[in-house]
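Text of run.txt (compact mmCIF, C-alpha atoms) as supplied:
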```txt
# COMPACT_ATOMS: atom_id res chain seq x y z
CA MET Y 22 104.82 131.76 95.70
CA LEU Y 23 102.59 133.40 98.24
CA GLY Y 24 101.85 130.19 100.09
CA MET Y 25 105.40 128.87 99.94
CA SER Y 26 106.90 130.49 103.01
CA ASP Y 27 103.77 129.77 105.10
CA GLY Y 28 103.87 126.20 103.77
CA LEU Y 29 107.51 125.86 104.77
CA THR Y 30 107.17 127.59 108.11
CA VAL Y 31 103.95 126.30 109.67
CA PRO Y 32 104.35 122.54 109.01
CA PHE Y 33 108.02 122.77 110.01
CA ALA Y 34 107.15 124.56 113.23
CA LEU Y 35 104.29 122.18 113.94
CA ALA Y 36 106.47 119.11 113.42
CA ALA Y 37 109.29 120.65 115.47
CA GLY Y 38 106.81 121.54 118.19
CA LEU Y 39 105.42 118.02 118.31
CA THR Y 40 108.94 116.63 118.53
CA GLY Y 41 108.96 118.24 121.96
CA ALA Y 42 105.93 116.19 122.99
CA ILE Y 43 105.62 113.07 120.79
CA SER Y 44 108.24 110.42 120.21
CA GLN Y 45 106.76 108.70 117.16
CA SER Y 46 107.70 109.97 113.72
CA ARG Y 47 104.52 108.42 112.34
CA LEU Y 48 102.22 110.60 114.47
CA ILE Y 49 104.18 113.71 113.56
CA VAL Y 50 103.89 112.82 109.86
CA THR Y 51 100.13 112.34 110.31
CA ALA Y 52 99.73 115.71 112.04
CA GLY Y 53 102.00 117.38 109.47
CA LEU Y 54 100.13 115.97 106.47
CA ALA Y 55 96.76 116.85 108.02
CA GLU Y 56 98.05 120.40 108.51
CA ILE Y 57 99.31 120.63 104.92
CA VAL Y 58 95.98 119.42 103.54
CA ALA Y 59 93.97 121.75 105.79
CA GLY Y 60 96.27 124.73 105.26
CA SER Y 61 96.51 124.39 101.48
CA ILE Y 62 92.75 124.07 101.04
CA ALA Y 63 91.88 126.85 103.49
CA MET Y 64 94.42 129.25 102.00
CA GLY Y 65 93.80 128.25 98.38
CA LEU Y 66 90.03 128.66 98.68
CA GLY Y 67 90.54 131.81 100.72
CA GLY Y 68 92.70 133.20 97.91
CA TYR Y 69 90.09 132.20 95.34
CA LEU Y 70 87.28 133.95 97.19
CA ALA Y 71 89.38 137.06 97.82
CA ALA Y 72 90.17 137.34 94.10
CA ARG Y 73 86.51 136.75 93.20
CA ALA Y 74 85.40 139.38 95.73
CA ASP Y 75 87.85 141.87 94.22
CA ALA Y 76 86.49 141.19 90.72
CA GLU Y 77 82.91 141.64 91.93
CA HIS Y 78 83.76 144.82 93.80
CA TYR Y 79 85.32 146.18 90.61
CA ALA Y 80 82.26 145.26 88.50
CA ASN Y 81 79.90 146.87 91.03
CA GLU Y 82 81.88 150.08 91.24
CA LEU Y 83 82.20 150.26 87.45
CA ARG Y 84 78.42 149.92 87.09
CA ARG Y 85 77.94 152.68 89.65
CA GLU Y 86 80.41 155.02 87.95
CA ARG Y 87 78.78 154.46 84.53
CA GLN Y 88 75.38 155.19 86.00
CA GLU Y 89 76.59 158.39 87.68
CA ILE Y 90 78.28 159.60 84.50
CA LEU Y 91 74.98 159.12 82.67
CA VAL Y 92 72.70 160.60 85.35
CA ILE Y 93 74.76 163.21 87.21
CA PRO Y 94 77.62 164.20 84.86
CA GLU Y 95 78.03 167.59 86.59
CA ALA Y 96 78.73 165.95 89.95
CA GLU Y 97 81.22 163.58 88.30
CA ALA Y 98 82.96 166.47 86.53
CA GLN Y 99 83.23 168.18 89.91
CA GLU Y 100 84.82 165.00 91.35
CA VAL Y 101 87.45 165.05 88.59
CA ARG Y 102 88.10 168.72 89.34
CA GLU Y 103 88.60 167.86 93.02
CA ILE Y 104 90.99 165.01 92.23
CA PHE Y 105 93.16 167.42 90.26
CA ALA Y 106 92.78 170.13 92.92
CA GLY Y 107 94.38 167.64 95.34
CA TYR Y 108 97.55 168.01 93.24
CA GLY Y 109 97.31 171.79 93.16
CA ILE Y 110 95.87 171.86 89.62
CA ASP Y 111 93.21 174.58 89.29
CA LYS Y 112 89.91 174.62 87.41
CA GLU Y 113 91.30 176.28 84.28
CA ASN Y 114 94.11 173.77 83.89
CA SER Y 115 91.94 170.69 84.40
CA ALA Y 116 89.18 171.94 82.06
CA GLY Y 117 90.73 170.31 78.96
CA VAL Y 118 90.80 166.85 80.50
CA ILE Y 119 87.23 167.19 81.77
CA GLU Y 120 85.88 168.38 78.41
CA SER Y 121 87.60 165.50 76.70
CA LEU Y 122 86.21 162.92 79.17
CA ARG Y 123 82.67 164.27 78.74
CA GLN Y 124 82.81 163.20 75.11
CA ARG Y 125 83.65 159.54 75.90
CA PRO Y 126 81.62 158.07 78.77
CA ALA Y 127 83.36 154.66 78.65
CA ASP Y 128 86.83 156.20 79.01
CA TRP Y 129 85.47 158.51 81.69
CA ALA Y 130 84.24 155.54 83.76
CA ALA Y 131 87.62 153.80 83.36
CA PHE Y 132 89.33 157.03 84.40
CA MET Y 133 87.22 157.28 87.56
CA MET Y 134 87.92 153.64 88.45
CA ARG Y 135 91.63 154.24 88.39
CA PHE Y 136 91.96 157.84 89.52
CA GLU Y 137 89.11 158.26 91.97
CA LEU Y 138 88.91 154.74 93.40
CA GLY Y 139 92.43 153.43 92.72
CA LEU Y 140 91.05 150.12 91.41
CA GLU Y 141 92.69 148.00 88.70
CA ALA Y 142 90.62 145.96 86.26
CA PRO Y 143 90.82 142.31 87.40
CA VAL Y 144 92.55 139.82 85.13
CA PRO Y 145 90.07 137.11 84.00
CA GLY Y 146 90.83 133.71 85.49
CA ARG Y 147 92.99 135.23 88.20
CA ALA Y 148 90.86 133.77 91.00
CA TRP Y 149 91.51 130.15 89.98
CA ARG Y 150 95.15 130.73 89.17
CA SER Y 151 95.60 132.45 92.52
CA ALA Y 152 93.93 129.55 94.37
CA LEU Y 153 95.98 126.86 92.64
CA THR Y 154 99.24 128.76 93.09
CA ILE Y 155 98.70 129.30 96.81
CA ALA Y 156 97.54 125.74 97.48
CA GLY Y 157 100.29 124.19 95.32
CA SER Y 158 103.02 126.28 96.96
CA TYR Y 159 101.72 125.37 100.39
CA VAL Y 160 101.85 121.65 99.58
CA VAL Y 161 105.32 121.83 98.00
CA GLY Y 162 106.57 124.01 100.87
CA GLY Y 163 105.08 121.73 103.51
CA ILE Y 164 106.49 118.49 102.11
CA ILE Y 165 110.06 119.79 102.52
CA PRO Y 166 110.19 120.02 106.34
CA LEU Y 167 108.10 116.87 106.69
CA SER Y 168 110.19 114.65 104.45
CA ALA Y 169 112.82 114.15 107.18
CA TYR Y 170 110.15 112.56 109.41
CA PHE Y 171 109.35 110.08 106.63
CA MET Y 172 112.98 109.02 106.55
CA PHE Y 173 114.02 108.90 110.21
CA ALA Y 174 112.17 106.95 112.87
CA ASP Y 175 114.08 108.80 115.61
CA VAL Y 176 112.25 112.14 115.94
CA ARG Y 177 115.29 114.03 117.30
CA GLN Y 178 117.32 112.95 114.28
CA ALA Y 179 114.41 113.83 111.99
CA LEU Y 180 114.11 117.27 113.62
CA ARG Y 181 117.79 118.02 113.00
CA VAL Y 182 117.55 117.04 109.32
CA SER Y 183 114.22 118.86 108.98
CA ALA Y 184 115.66 122.06 110.48
CA LEU Y 185 118.59 121.93 108.11
CA THR Y 186 116.61 121.30 104.91
CA THR Y 187 113.93 123.82 105.91
CA ALA Y 188 116.50 126.50 106.70
CA CYS Y 189 118.10 125.96 103.27
CA ALA Y 190 114.70 126.07 101.54
CA LEU Y 191 113.65 129.20 103.44
CA ALA Y 192 116.94 130.92 102.61
CA LEU Y 193 116.62 129.98 98.93
CA PHE Y 194 112.96 131.00 98.77
CA GLY Y 195 113.63 134.26 100.66
CA GLY Y 196 116.43 135.05 98.25
CA ILE Y 197 114.25 134.42 95.18
CA LYS Y 198 111.40 136.46 96.67
CA GLY Y 199 113.81 139.32 97.45
CA ARG Y 200 115.07 139.21 93.88
CA LEU Y 201 111.52 139.37 92.46
CA THR Y 202 110.31 142.15 94.78
CA GLY Y 203 113.47 144.27 94.74
CA VAL Y 204 114.39 143.69 98.41
CA PRO Y 205 118.14 142.98 98.89
CA VAL Y 206 118.61 139.21 98.43
CA VAL Y 207 120.64 138.47 101.57
CA ARG Y 208 118.31 140.44 103.82
CA SER Y 209 115.22 138.78 102.38
CA SER Y 210 116.90 135.38 102.79
CA LEU Y 211 117.70 136.05 106.45
CA GLN Y 212 114.23 137.43 107.18
CA THR Y 213 112.37 134.35 105.95
CA CYS Y 214 114.78 132.12 107.92
CA VAL Y 215 114.26 134.13 111.10
CA ILE Y 216 110.45 134.01 110.78
CA GLY Y 217 110.54 130.24 110.26
CA GLY Y 218 112.98 129.80 113.13
CA LEU Y 219 111.01 131.96 115.57
CA ALA Y 220 107.70 130.29 114.72
CA ALA Y 221 109.28 126.85 115.12
CA LEU Y 222 110.98 127.75 118.40
CA ALA Y 223 107.77 129.13 119.89
CA ALA Y 224 105.76 126.09 118.73
CA PHE Y 225 108.44 123.78 120.14
CA ALA Y 226 108.41 125.58 123.51
CA MET Y 227 104.60 125.55 123.64
CA ALA Y 228 104.30 121.81 122.84
CA ARG Y 229 107.10 121.01 125.30
CA TRP Y 230 105.42 123.03 128.02
CA ILE Y 231 102.05 121.27 127.53
CA ALA Y 232 103.64 117.82 127.38
CA LEU Y 233 105.51 118.25 130.67
CA MET U 23 90.28 140.06 110.77
CA LEU U 24 92.51 138.72 108.04
CA GLY U 25 93.89 135.89 110.16
CA MET U 26 90.56 134.99 111.75
CA SER U 27 89.14 132.62 109.14
CA ASP U 28 92.53 130.91 108.65
CA GLY U 29 92.83 130.68 112.43
CA LEU U 30 89.38 129.10 112.67
CA THR U 31 89.80 126.81 109.69
CA VAL U 32 93.30 125.35 109.92
CA PRO U 33 93.40 124.41 113.64
CA PHE U 34 89.84 123.06 113.37
CA ALA U 35 90.73 120.97 110.33
CA LEU U 36 93.98 119.79 111.92
CA ALA U 37 92.22 118.72 115.12
CA ALA U 38 89.41 117.08 113.15
CA GLY U 39 91.98 115.32 110.98
CA LEU U 40 93.89 114.03 114.00
CA THR U 41 90.64 112.75 115.50
CA GLY U 42 90.71 110.29 112.64
CA ALA U 43 94.09 108.97 113.79
CA ILE U 44 94.64 109.77 117.49
CA SER U 45 92.37 108.87 120.37
CA GLN U 46 93.83 111.19 123.06
CA SER U 47 92.37 114.68 123.40
CA ARG U 48 95.59 115.76 125.08
CA LEU U 49 97.75 115.02 122.03
CA ILE U 50 95.29 116.81 119.76
CA VAL U 51 95.36 119.85 122.05
CA THR U 52 99.16 119.78 121.96
CA ALA U 53 99.22 119.62 118.15
CA GLY U 54 96.51 122.28 117.90
CA LEU U 55 98.27 124.72 120.23
CA ALA U 56 101.60 124.13 118.49
CA GLU U 57 99.86 124.93 115.19
CA ILE U 58 98.25 128.08 116.57
CA VAL U 59 101.57 129.34 117.93
CA ALA U 60 103.42 128.52 114.70
CA GLY U 61 100.66 129.85 112.44
CA SER U 62 100.12 133.10 114.32
CA ILE U 63 103.84 133.92 114.44
CA ALA U 64 104.51 132.92 110.83
CA MET U 65 101.52 134.87 109.49
CA GLY U 66 101.92 137.83 111.83
CA LEU U 67 105.60 138.29 110.99
CA GLY U 68 104.83 137.61 107.32
CA GLY U 69 102.23 140.39 107.42
CA TYR U 70 104.69 142.72 109.14
CA LEU U 71 107.38 142.13 106.52
CA ALA U 72 104.91 142.47 103.63
CA ALA U 73 103.71 145.85 104.95
CA ARG U 74 107.31 146.98 105.52
CA ALA U 75 108.27 145.88 101.99
CA ASP U 76 105.33 147.87 100.56
CA ALA U 77 106.41 150.97 102.48
CA GLU U 78 109.98 150.59 101.23
CA HIS U 79 108.85 149.99 97.67
CA TYR U 80 106.80 153.20 97.87
CA ALA U 81 109.73 155.20 99.25
CA ASN U 82 112.07 153.87 96.53
CA GLU U 83 109.66 154.64 93.72
CA LEU U 84 108.94 158.11 95.11
CA ARG U 85 112.67 158.86 95.20
CA ARG U 86 113.00 157.66 91.60
CA GLU U 87 110.04 159.76 90.41
CA ARG U 88 111.39 162.90 92.14
CA GLN U 89 114.77 162.33 90.55
CA GLU U 90 113.27 161.86 87.09
CA ILE U 91 111.12 164.99 87.41
CA LEU U 92 114.26 166.94 88.27
CA VAL U 93 116.55 165.42 85.62
CA ILE U 94 114.31 164.42 82.71
CA PRO U 95 111.13 166.52 83.02
CA GLU U 96 110.39 166.20 79.28
CA ALA U 97 110.26 162.40 79.49
CA GLU U 98 108.00 162.62 82.55
CA ALA U 99 105.69 165.10 80.80
CA GLN U 100 105.50 162.65 77.91
CA GLU U 101 104.54 159.89 80.37
CA VAL U 102 101.69 162.03 81.69
CA ARG U 103 100.55 162.67 78.11
CA GLU U 104 100.55 158.91 77.46
CA ILE U 105 98.54 158.17 80.61
CA PHE U 106 95.87 160.59 79.42
CA ALA U 107 96.08 159.27 75.85
CA GLY U 108 95.12 155.88 77.30
CA TYR U 109 91.74 157.45 78.10
CA GLY U 110 91.40 159.03 74.67
CA ILE U 111 92.47 162.50 75.89
CA ASP U 112 94.65 164.24 73.29
CA LYS U 113 97.71 166.44 73.70
CA GLU U 114 95.80 169.72 73.57
CA ASN U 115 93.37 168.72 76.28
CA SER U 116 96.01 167.38 78.68
CA ALA U 117 98.32 170.39 78.22
CA GLY U 118 96.73 172.35 81.08
CA VAL U 119 97.32 169.61 83.63
CA ILE U 120 100.91 169.08 82.47
CA GLU U 121 101.76 172.79 82.61
CA SER U 122 100.31 172.99 86.10
CA LEU U 123 102.29 169.95 87.31
CA ARG U 124 105.54 171.37 85.91
CA GLN U 125 105.20 174.25 88.36
CA ARG U 126 105.00 172.01 91.46
CA PRO U 127 107.49 169.13 91.43
CA ALA U 128 106.28 167.65 94.76
CA ASP U 129 102.66 167.41 93.54
CA TRP U 130 103.95 166.06 90.23
CA ALA U 131 105.76 163.20 91.98
CA ALA U 132 102.67 162.41 94.06
CA PHE U 133 100.60 162.46 90.86
CA MET U 134 102.96 159.97 89.16
CA MET U 135 102.89 157.66 92.17
CA ARG U 136 99.13 157.41 92.04
CA PHE U 137 98.39 157.72 88.33
CA GLU U 138 101.38 156.08 86.70
CA LEU U 139 102.23 153.43 89.31
CA GLY U 140 98.90 153.04 91.12
CA LEU U 141 100.64 153.15 94.53
CA GLU U 142 99.10 154.55 97.71
CA ALA U 143 101.21 156.27 100.38
CA PRO U 144 101.68 153.77 103.23
CA VAL U 145 100.12 154.61 106.61
CA PRO U 146 102.85 154.93 109.30
CA GLY U 147 102.77 152.14 111.88
CA ARG U 148 100.68 149.95 109.57
CA ALA U 149 103.27 147.15 109.56
CA TRP U 150 103.06 146.55 113.32
CA ARG U 151 99.31 146.98 113.48
CA SER U 152 98.95 144.56 110.60
CA ALA U 153 101.20 141.98 112.30
CA LEU U 154 99.41 142.16 115.66
CA THR U 155 95.96 142.03 114.05
CA ILE U 156 96.79 138.96 111.99
CA ALA U 157 98.51 137.12 114.85
CA GLY U 158 95.83 138.06 117.38
CA SER U 159 92.98 136.99 115.08
CA TYR U 160 94.73 133.70 114.37
CA VAL U 161 95.08 132.95 118.09
CA VAL U 162 91.49 133.94 118.90
CA GLY U 163 90.20 132.02 115.88
CA GLY U 164 92.27 128.94 116.70
CA ILE U 165 91.21 128.72 120.36
CA ILE U 166 87.53 128.35 119.33
CA PRO U 167 87.75 124.96 117.57
CA LEU U 168 90.31 123.70 120.08
CA SER U 169 88.34 124.55 123.21
CA ALA U 170 86.09 121.49 122.78
CA TYR U 171 89.17 119.24 123.06
CA PHE U 172 90.04 120.88 126.38
CA MET U 173 86.63 120.01 127.70
CA PHE U 174 85.96 116.50 126.41
CA ALA U 175 88.34 113.57 126.92
CA ASP U 176 86.43 111.56 124.28
CA VAL U 177 87.79 112.81 120.95
CA ARG U 178 84.63 111.90 118.96
CA GLN U 179 82.51 113.93 121.38
CA ALA U 180 85.03 116.78 121.25
CA LEU U 181 84.98 116.70 117.44
CA ARG U 182 81.18 117.05 117.34
CA VAL U 183 81.22 120.02 119.73
CA SER U 184 84.20 121.52 117.92
CA ALA U 185 82.45 121.21 114.53
CA LEU U 186 79.36 122.92 115.88
CA THR U 187 81.11 125.84 117.60
CA THR U 188 83.48 126.32 114.66
CA ALA U 189 80.62 126.31 112.14
CA CYS U 190 78.80 128.97 114.19
CA ALA U 191 81.96 131.06 114.50
CA LEU U 192 82.72 130.74 110.75
CA ALA U 193 79.14 131.71 109.85
CA LEU U 194 79.24 134.70 112.18
CA PHE U 195 82.68 135.78 110.99
CA GLY U 196 81.71 135.27 107.32
CA GLY U 197 78.62 137.38 107.86
CA ILE U 198 80.57 140.22 109.48
CA LYS U 199 83.21 140.08 106.76
CA GLY U 200 80.50 140.15 104.07
CA ARG U 201 78.94 143.17 105.74
CA LEU U 202 82.27 145.03 105.83
CA THR U 203 83.28 144.18 102.25
CA GLY U 204 79.84 144.60 100.66
CA VAL U 205 79.38 140.91 99.76
CA PRO U 206 75.82 139.64 100.56
CA VAL U 207 75.89 138.51 104.21
CA VAL U 208 74.29 135.07 103.79
CA ARG U 209 76.51 134.13 100.86
CA SER U 210 79.66 135.26 102.67
CA SER U 211 78.54 133.28 105.74
CA LEU U 212 78.00 130.11 103.71
CA GLN U 213 81.28 130.51 101.82
CA THR U 214 83.46 130.68 104.94
CA CYS U 215 81.60 127.67 106.38
CA VAL U 216 82.12 125.65 103.20
CA ILE U 217 85.85 126.45 103.11
CA GLY U 218 86.27 125.41 106.73
CA GLY U 219 84.23 122.27 106.19
CA LEU U 220 86.07 121.21 103.04
CA ALA U 221 89.49 121.80 104.58
CA ALA U 222 88.49 119.83 107.67
CA LEU U 223 86.98 116.98 105.68
CA ALA U 224 90.09 116.66 103.51
CA ALA U 225 92.40 116.79 106.54
CA PHE U 226 90.24 114.20 108.30
CA ALA U 227 90.32 111.86 105.29
CA MET U 228 94.08 112.28 104.93
CA ALA U 229 94.84 111.57 108.60
CA ARG U 230 92.45 108.59 108.58
CA TRP U 231 94.07 107.18 105.48
CA ILE U 232 97.59 107.42 106.96
CA ALA U 233 96.52 105.98 110.28
CA LEU U 234 94.92 102.88 108.74
```
Write-out of the structure in structure tokens:
Amino acid sequence: MLGMSDGLTVPFALAAGLTGAISQSRLIVTAGLAEIVAGSIAMGLGGYLAARADAEHYANELRRERQEILVIPEAEAQEVREIFAGYGIDKENSAGVIESLRQRPADWAAFMMRFELGLEAPVPGRAWRSALTIAGSYVVGGIIPLSAYFMFADVRQALRVSALTTACALALFGGIKGRLTGVPVVRSSLQTCVIGGLAALAAFAMARWIAL
Amino acid sequence: MLGMSDGLTVPFALAAGLTGAISQSRLIVTAGLAEIVAGSIAMGLGGYLAARADAEHYANELRRERQEILVIPEAEAQEVREIFAGYGIDKENSAGVIESLRQRPADWAAFMMRFELGLEAPVPGRAWRSALTIAGSYVVGGIIPLSAYFMFADVRQALRVSALTTACALALFGGIKGRLTGVPVVRSSLQTCVIGGLAALAAFAMARWIAL
């Protein structure tokens, strides 16, 4: 889902922009497909590496916490005390939790990961799933605005159809995203449409301006 | 920084891809600039809305937690007990923390936000900063691979220079990113280069294949 609105917006805006400068549908399709391929790979691999980096960061920090709990338990206990002090909980009231953690080093390390560092344990296989989801969404999203240029040789006609189908897709996607993330559906729908429209308009103006 | 490697990779790959199909530097520059404008706006605004949505989500959840602490404190106390039980801490040992939280509802809500929901308080103004950083990095990143096409009328020559400058920029950027995120510098450098190269190669092959 993450790549979908970028996939809809950027190829649409690129194609619309080129319509201001190029009169052959075929060239616009070529540029659009090249963009979809480049964008989906760059973003998919980028997502993969980001997820892998997160997983490594987690593993490193976990190793460090375990080591510290083993070597300097007093300093770690003091850190727990300070975390609780940040919520106005004094030494006496946090003593029970600290005593309990001292008796289970593995739980203590997990506790520090979450409560000191705010890190979640990474889900195995997330990196690949994340990469494929982003890349796939980008491709699916990008094909929608481009399909009009496959069908119409006249680029102005293609642009009109492309704008219409892309606006519908953006509205639908924005609505679904709003539903999933708890943002009001109509607002989310409008927002994704406005982003796509603005990006397309700016790209169109830019390409027009260069071509003149 | 976030938009920089996308900004370097996608316009480079698009321009490289079009070099396989178009023989005029001017058209490639037009397509590249249209992509940069579209990409920077789409990603910048996307980043803005994502940060705004996070801030709203936080505010909504905080309101809900405060309400629950006021109306159903027993259920909330039970939730705290369960969080601690997840780390093997029993009822007796977590009692001190729970008693202490009961006496300060505001701290209690903050505690639930972090320890139950794992949410961080959003930094004010982050949405705009995030949008401008992403868009700015995308523009700066995108100008680098494209600049060769400004300078050389021969697209093959421009592609060679573009590949070289982009590879250097990706390596440098990957190194800096590795340094900031704690990933080994050389590996991070190579990774960003490989992503850019793969995306460009695929876009090039695709554009070539269509153009034939």
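Distance annotation: of Y:Leu193, Y:Ala71, Y:Ala224, Y:Ile49, the residue with the minimal separation from chain U is Y:Ala224; atom set is all atoms listed in the file.
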*asked:* When you count only C-alpha atoms, which of these residues is closest to Arg147 (chain Y): Y:Leu201, Y:Ile110, Y:Ala74, Y:Leu219?
replied: Y:Ala74
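Picture a line from CA of Gly158 (chain U) to CA of Ile43 (chain Y); it runs 27.1 Å.
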Return the neighbours of chain U among the residues of chain Y, cut-off 7 Å, counting only C-alpha atoms, as a tab-separated table (two decimals) with C-alpha atoms, in the coordinates of the input.
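Below you can see part.tsv, which holds the result:
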```tsv
chain	number	residue	atom	x	y	z
Y	27	ASP	CA	103.77	129.77	105.10
Y	30	THR	CA	107.17	127.59	108.11
Y	31	VAL	CA	103.95	126.30	109.67
Y	34	ALA	CA	107.15	124.56	113.23
Y	35	LEU	CA	104.29	122.18	113.94
Y	38	GLY	CA	106.81	121.54	118.19
Y	39	LEU	CA	105.42	118.02	118.31
Y	51	THR	CA	100.13	112.34	110.31
Y	52	ALA	CA	99.73	115.71	112.04
Y	55	ALA	CA	96.76	116.85	108.02
Y	56	GLU	CA	98.05	120.40	108.51
Y	58	VAL	CA	95.98	119.42	103.54
Y	59	ALA	CA	93.97	121.75	105.79
Y	60	GLY	CA	96.27	124.73	105.26
Y	62	ILE	CA	92.75	124.07	101.04
Y	63	ALA	CA	91.88	126.85	103.49
Y	66	LEU	CA	90.03	128.66	98.68
Y	108	TYR	CA	97.55	168.01	93.24
Y	109	GLY	CA	97.31	171.79	93.16
Y	110	ILE	CA	95.87	171.86	89.62
Y	114	ASN	CA	94.11	173.77	83.89
Y	115	SER	CA	91.94	170.69	84.40
Y	117	GLY	CA	90.73	170.31	78.96
Y	118	VAL	CA	90.80	166.85	80.50
Y	121	SER	CA	87.60	165.50	76.70
Y	128	ASP	CA	86.83	156.20	79.01
Y	132	PHE	CA	89.33	157.03	84.40
Y	136	PHE	CA	91.96	157.84	89.52
Y	139	GLY	CA	92.43	153.43	92.72
Y	216	ILE	CA	110.45	134.01	110.78
Y	217	GLY	CA	110.54	130.24	110.26
Y	220	ALA	CA	107.70	130.29	114.72
Y	221	ALA	CA	109.28	126.85	115.12
Y	223	ALA	CA	107.77	129.13	119.89
Y	224	ALA	CA	105.76	126.09	118.73
Y	227	MET	CA	104.60	125.55	123.64
Y	228	ALA	CA	104.30	121.81	122.84
Y	231	ILE	CA	102.05	121.27	127.53
```
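Between CA of Gly196 (chain U) and CA of Glu86 (chain Y) lies a distance of 27.7 Å.
One distance worth recording is that between CA of Ile198 (chain U) and CA of Trp150 (chain U), which is 23.7 Å.
Distances here use only C-alpha atoms; by that measure, the residue among Y:Met133, Y:Ile164, Y:Leu211, Y:Ala80 closest to Glu103 (chain Y) is Y:Met133.
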*Step by step: start from the point (112.9, 121.2, 104.3) in the file's coordinates, keep every protein, DNA or RNA residue that has an atom no farther than 10 Å from it, count all atoms listed in the file, and write the set as a ChimeraX atom specification.*
/Y:29-30,32-33,161-169,182-191
Write the residues you've just listed into a file as a CSV table (one decimal), keeping the file's coordinate frame, and include C-alpha atoms for each of them.
```csv
chain,number,residue,atom,x,y,z
Y,29,LEU,CA,107.5,125.9,104.8
Y,30,THR,CA,107.2,127.6,108.1
Y,32,PRO,CA,104.4,122.5,109.0
Y,33,PHE,CA,108.0,122.8,110.0
Y,161,VAL,CA,105.3,121.8,98.0
Y,162,GLY,CA,106.6,124.0,100.9
Y,163,GLY,CA,105.1,121.7,103.5
Y,164,ILE,CA,106.5,118.5,102.1
Y,165,ILE,CA,110.1,119.8,102.5
Y,166,PRO,CA,110.2,120.0,106.3
Y,167,LEU,CA,108.1,116.9,106.7
Y,168,SER,CA,110.2,114.6,104.4
Y,169,ALA,CA,112.8,114.2,107.2
Y,182,VAL,CA,117.6,117.0,109.3
Y,183,SER,CA,114.2,118.9,109.0
Y,184,ALA,CA,115.7,122.1,110.5
Y,185,LEU,CA,118.6,121.9,108.1
Y,186,THR,CA,116.6,121.3,104.9
Y,187,THR,CA,113.9,123.8,105.9
Y,188,ALA,CA,116.5,126.5,106.7
Y,189,CYS,CA,118.1,126.0,103.3
Y,190,ALA,CA,114.7,126.1,101.5
Y,191,LEU,CA,113.6,129.2,103.4
```
*Which is closest to Met134 (chain Y) among Y:Val207, Y:Ile93, Y:Leu83, Y:Ala174, if we use only C-alpha atoms?*
Y:Leu83
